[in-house]
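Scroll down for the structure; my scribbles are underneath it.
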Amino acid sequence: MSEEQDYTMGYSEEFLQLLHRRSAETHAAHLLPLLEPHQSVLDFGCGPGTISVGLATAIAPGELHGIDKEESQINMARAAAKAGGHENATFHVGDVTDLPFEDGSFDVAHCHAVLMHVPDTEATLAEVKRVLKPGGIISSREFILSSSFLEPGAEETAPAWETFGNLLAANGGHPQMGRELKRKFLEAGFTDVRASGSFDFFGAAEDVAFFHAFIMDWFYSPEVIAAATQFGLATQEQFDQWREGLEEWKNHPGAVGAIGFGEAIATKP
């Protein structure tokens with residue numbers, strides 16, 4: 001993500017907990033079977049490195065390089081790599097549209113929930129393609145707003161999901177990027193695109209409680225409400241109604257929630 005672009009999600013405590021719930025095994029499962037020892041991997045928009053270290057394990061003794069624009073996230077990634085003994089993982093503060101690597105440096109480029117935030121998808125994919133070797137692969141897993149839900153109350157909470165998508169779009173993001181990945185990869189000149197999909201599903205009582213806390217901490221924060229009302233995306237009254245519905249959802253014995261993702265893997269010719 002460019003240095004000029006604010007990250008829509010911010011870095012609240014609950015959002016950091018969500019990031020730490022992610023691992024290569026759970027959030028890059030579509031990519032792991034293609035990784036081999038001695039490969040070189042770029043994890044762009046790597047965040048705190050929770051997925052990166054799993055990728056580093058899969059390709060050891062090959063090198064993994066993670067890059068993210070947020071220095072605080074890179075510091076956490078470096079700490080995670082050190083604590084886990086991942087000596088083959090190196091992390092950099094930088095911009096994914098201006099990568100500090102030579103042409104043809106990597107066998108694999110990976111990202112998770114990154115292209116949904118980057119305003120210029122074409123420029124980002126062109127830069128990633130530049131640093132991939134011929135025959136190298138790109139892998140991404142991205143948000144699908146229209147496939148995400150809370151149940152029961154899906155119809156009542158749909159306007160809140162729509163407002164989140166509008167807020168993401170107002171900040172240059174792409175709330176349906178997971179649906180668009182195959183087309184975006186083809187338009188960027190990649191070939192052999194393999195598309196799939198999956199969910200982050202919250203069904204157990206502790207997961208429902210976590211997802212509720214995450215939504216409350218981020219979507220109902222004063223900063224988000226102020227931004228949404230300023231852009232004319234929703235009113236304070238609507239947020240109050242949605243908050244009541246969210247409490248009813250959390251307390252319902254049948255409560256489940258899901259975040260939908262599209263996945264795609266493609267090859268640089």
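A note on labels: chains of the structure tokens are A, B, ... as shown, every chain counts residues from 1, and ligands are counted from 1 in their shown order.
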Secondary structure check, helix (DSSP H, G or I) residues of stretch 155-243 of chain A, as a ChimeraX atom specification: /A:155-170,177-187,205-218,222-230,236-243
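For A:Glu187, the non-local neighbours within 10 Å, defined as residues at least 5 positions apart in the same chain or in other chains and counting only C-alpha atoms, are Glu122, Leu125, Leu181 and Lys182 of chain A.
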Residues just named, written with C-alpha atoms as a PDB file, in the first residue's frame:
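The result, stored in part02.pdb:
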ATOM      1  CA  GLU A 122      -2.946  -2.496 -11.730  1.00  0.00           C
ATOM      2  CA  LEU A 125       0.215  -6.233  -9.697  1.00  0.00           C
ATOM      3  CA  LEU A 181      -9.156 -11.702  -8.491  1.00  0.00           C
ATOM      4  CA  LYS A 182      -9.250 -14.025 -11.507  1.00  0.00           C
TER       5      LYS A 182
END
Within 9 Å of A:Ile137, counting only C-alpha atoms, which residues qualify if same-chain residues fewer than 3 places away don't, as a PyMOL selection string? chain A and resi 106-110+129+132-134+190+265-268
Limited to all heavy atoms, could you put the picked residues into a file as a tab-separated table (two decimals), in the first residue's frame?
chain	number	residue	atom	x	y	z
A	106	PHE	N	11.95	-13.43	-7.12
A	106	PHE	CA	11.18	-14.37	-6.30
A	106	PHE	C	10.50	-15.46	-7.12
A	106	PHE	O	10.08	-15.24	-8.25
A	106	PHE	CB	10.11	-13.62	-5.51
A	106	PHE	CG	10.67	-12.63	-4.51
A	106	PHE	CD1	10.77	-11.29	-4.84
A	106	PHE	CD2	11.12	-13.06	-3.28
A	106	PHE	CE1	11.29	-10.37	-3.93
A	106	PHE	CE2	11.65	-12.16	-2.36
A	106	PHE	CZ	11.74	-10.80	-2.69
A	107	ASP	N	10.40	-16.64	-6.48
A	107	ASP	CA	9.63	-17.73	-7.06
A	107	ASP	C	8.13	-17.57	-6.81
A	107	ASP	O	7.31	-18.02	-7.61
A	107	ASP	CB	10.07	-19.07	-6.45
A	107	ASP	CG	11.52	-19.39	-6.75
A	107	ASP	OD1	11.87	-19.48	-7.95
A	107	ASP	OD2	12.30	-19.54	-5.79
A	108	VAL	N	7.80	-16.97	-5.66
A	108	VAL	CA	6.41	-16.86	-5.22
A	108	VAL	C	6.18	-15.48	-4.61
A	108	VAL	O	7.03	-14.98	-3.88
A	108	VAL	CB	6.06	-17.94	-4.17
A	108	VAL	CG1	4.62	-17.81	-3.71
A	108	VAL	CG2	6.33	-19.34	-4.72
A	109	ALA	N	5.01	-14.89	-4.91
A	109	ALA	CA	4.57	-13.67	-4.24
A	109	ALA	C	3.21	-13.94	-3.62
A	109	ALA	O	2.31	-14.47	-4.28
A	109	ALA	CB	4.49	-12.49	-5.20
A	110	HIS	N	3.04	-13.59	-2.34
A	110	HIS	CA	1.81	-13.88	-1.61
A	110	HIS	C	1.29	-12.63	-0.94
A	110	HIS	O	2.07	-11.78	-0.48
A	110	HIS	CB	2.08	-14.94	-0.53
A	110	HIS	CG	0.98	-15.03	0.50
A	110	HIS	ND1	0.99	-14.26	1.66
A	110	HIS	CD2	-0.15	-15.77	0.55
A	110	HIS	CE1	-0.09	-14.54	2.36
A	110	HIS	NE2	-0.78	-15.46	1.71
A	129	LYS	N	4.60	-8.44	-10.39
A	129	LYS	CA	4.99	-9.23	-11.56
A	129	LYS	C	6.45	-8.97	-11.94
A	129	LYS	O	7.18	-9.89	-12.32
A	129	LYS	CB	4.07	-8.89	-12.74
A	129	LYS	CG	4.25	-9.76	-13.96
A	129	LYS	CD	3.28	-9.33	-15.06
A	129	LYS	CE	3.47	-10.15	-16.32
A	129	LYS	NZ	2.60	-9.64	-17.42
A	132	LEU	N	8.83	-11.04	-9.78
A	132	LEU	CA	8.71	-12.49	-9.91
A	132	LEU	C	9.59	-13.01	-11.03
A	132	LEU	O	9.77	-12.36	-12.06
A	132	LEU	CB	7.25	-12.88	-10.19
A	132	LEU	CG	6.31	-13.03	-9.01
A	132	LEU	CD1	4.89	-13.27	-9.51
A	132	LEU	CD2	6.74	-14.15	-8.08
A	133	LYS	N	10.12	-14.21	-10.86
A	133	LYS	CA	10.85	-14.88	-11.92
A	133	LYS	C	9.86	-15.37	-12.99
A	133	LYS	O	8.69	-15.63	-12.68
A	133	LYS	CB	11.60	-16.08	-11.36
A	133	LYS	CG	12.63	-15.76	-10.30
A	133	LYS	CD	13.23	-17.04	-9.72
A	133	LYS	CE	14.23	-16.73	-8.61
A	133	LYS	NZ	14.79	-17.96	-7.99
A	134	PRO	N	10.28	-15.49	-14.24
A	134	PRO	CA	9.42	-16.16	-15.22
A	134	PRO	C	9.04	-17.55	-14.72
A	134	PRO	O	9.88	-18.31	-14.23
A	134	PRO	CB	10.32	-16.24	-16.46
A	134	PRO	CG	11.29	-15.10	-16.30
A	134	PRO	CD	11.55	-15.02	-14.82
A	190	PHE	N	-0.99	-12.26	-16.08
A	190	PHE	CA	-0.69	-13.57	-15.52
A	190	PHE	C	-1.49	-14.64	-16.26
A	190	PHE	O	-2.51	-14.35	-16.89
A	190	PHE	CB	-1.03	-13.61	-14.03
A	190	PHE	CG	-0.13	-12.76	-13.18
A	190	PHE	CD1	-0.52	-11.48	-12.78
A	190	PHE	CD2	1.11	-13.21	-12.77
A	190	PHE	CE1	0.30	-10.68	-12.00
A	190	PHE	CE2	1.95	-12.43	-11.99
A	190	PHE	CZ	1.54	-11.16	-11.60
A	265	ILE	N	-4.52	-18.14	-7.58
A	265	ILE	CA	-3.10	-18.38	-7.83
A	265	ILE	C	-2.89	-18.31	-9.34
A	265	ILE	O	-3.70	-18.82	-10.12
A	265	ILE	CB	-2.67	-19.76	-7.30
A	265	ILE	CG1	-2.77	-19.79	-5.77
A	265	ILE	CG2	-1.24	-20.10	-7.74
A	265	ILE	CD1	-2.55	-21.16	-5.18
A	266	ALA	N	-1.83	-17.61	-9.76
A	266	ALA	CA	-1.57	-17.46	-11.19
A	266	ALA	C	-0.07	-17.48	-11.45
A	266	ALA	O	0.74	-17.35	-10.52
A	266	ALA	CB	-2.19	-16.17	-11.71
A	267	THR	N	0.30	-17.61	-12.71
A	267	THR	CA	1.69	-17.76	-13.11
A	267	THR	C	2.16	-16.59	-13.96
A	267	THR	O	1.41	-16.10	-14.83
A	267	THR	CB	1.87	-19.06	-13.91
A	267	THR	OG1	1.41	-20.17	-13.12
A	267	THR	CG2	3.32	-19.29	-14.30
A	268	LYS	N	3.39	-16.15	-13.73
A	268	LYS	CA	4.01	-15.16	-14.62
A	268	LYS	C	4.59	-15.89	-15.82
A	268	LYS	O	5.39	-16.82	-15.67
A	268	LYS	CB	5.13	-14.41	-13.88
A	268	LYS	CG	5.90	-13.46	-14.79
A	268	LYS	CD	7.00	-12.72	-14.03
A	268	LYS	CE	7.84	-11.87	-14.97
A	268	LYS	NZ	8.88	-11.10	-14.27
Between stretch 70-103 of chain A and stretch 20-29 of chain A, at 12 Å or less, what are the per-residue closest atom pairs and their distances in Å? Count only C-alpha atoms, order by chain and rising residue number, and return it as CSV.
residue,atom,partner,partner_atom,distance
A:Gln73,CA,A:His20,CA,11.3
A:Met76,CA,A:His20,CA,10.5
A:Ala77,CA,A:His20,CA,10.7
A:Ala80,CA,A:His20,CA,10.5
Using only C-alpha atoms, which residues of stretch 80-160 of chain A come within 9 Å of stretch 164-171 of chain A, and what is the closest atom pair for each, with the distance in Å to one decimal? Give it as CSV, sorted by chain and residue number.
residue,atom,partner,partner_atom,distance
A:Met116,CA,A:Leu168,CA,8.5
A:His117,CA,A:Leu168,CA,7.5
A:Pro119,CA,A:Asn171,CA,8.0
A:Leu145,CA,A:Gly165,CA,6.8
A:Pro159,CA,A:Phe164,CA,8.6
A:Ala160,CA,A:Phe164,CA,6.3
From the DSSP assignment of the backbone, select every residue of stretch 28-228 of chain A that is strand (DSSP E), and format the answer as a PyMOL selection string. chain A and resi 41-44+64-68+89-93+106-112+132-151+191-202
Excluding A:Trp242 and any residue of its chain fewer than 5 positions from it, enumerate the residues within 10 Å of it, using only C-alpha atoms, and give them as a list in words.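 After dropping sequence-adjacent residues, the list is Glu156, Thr157, Ala158, Pro159, Ala160, Tyr220, Gln236, Glu237, Glu247 and Glu248 of chain A.
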Using only C-alpha atoms, which residue out of A:Val96, A:Ala89, A:Ala154, A:Ala83 lies closest to A:Ala56?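 Of A:Val96, A:Ala89, A:Ala154, A:Ala83, the one nearest A:Ala56, counting only C-alpha atoms, is A:Ala89.
With only C-alpha atoms as the atoms that count, the minimum distance from A:Val224 to the choices A:Ser196, A:Leu55, A:His174, A:Thr163 is reached by A:Thr163.
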I'd like the neighbourhood of A:Ala58 as a list in words, where a residue qualifies if any of its atoms comes within 8 Å (using only C-alpha atoms), though same-chain residues fewer than 2 positions away should be ignored. Leu32, Leu35, Glu36, Pro37, Gly54, Leu55, Ala56 and Ala60 of chain A
Could those selected residues go to a file with C-alpha atoms, as a PDB file, in the first residue's frame?
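Resulting contents of part.pdb:
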ATOM      1  CA  LEU A  32       0.908 -24.236   0.839  1.00  0.00           C
ATOM      2  CA  LEU A  35       5.582 -24.312  -1.791  1.00  0.00           C
ATOM      3  CA  GLU A  36       8.876 -26.184  -1.754  1.00  0.00           C
ATOM      4  CA  PRO A  37      12.151 -25.965   0.162  1.00  0.00           C
ATOM      5  CA  GLY A  54       4.407 -20.286   8.256  1.00  0.00           C
ATOM      6  CA  LEU A  55       5.405 -19.610   4.659  1.00  0.00           C
ATOM      7  CA  ALA A  56       9.039 -19.291   5.792  1.00  0.00           C
ATOM      8  CA  ALA A  60      13.211 -23.276   4.471  1.00  0.00           C
TER       9      ALA A  60
END
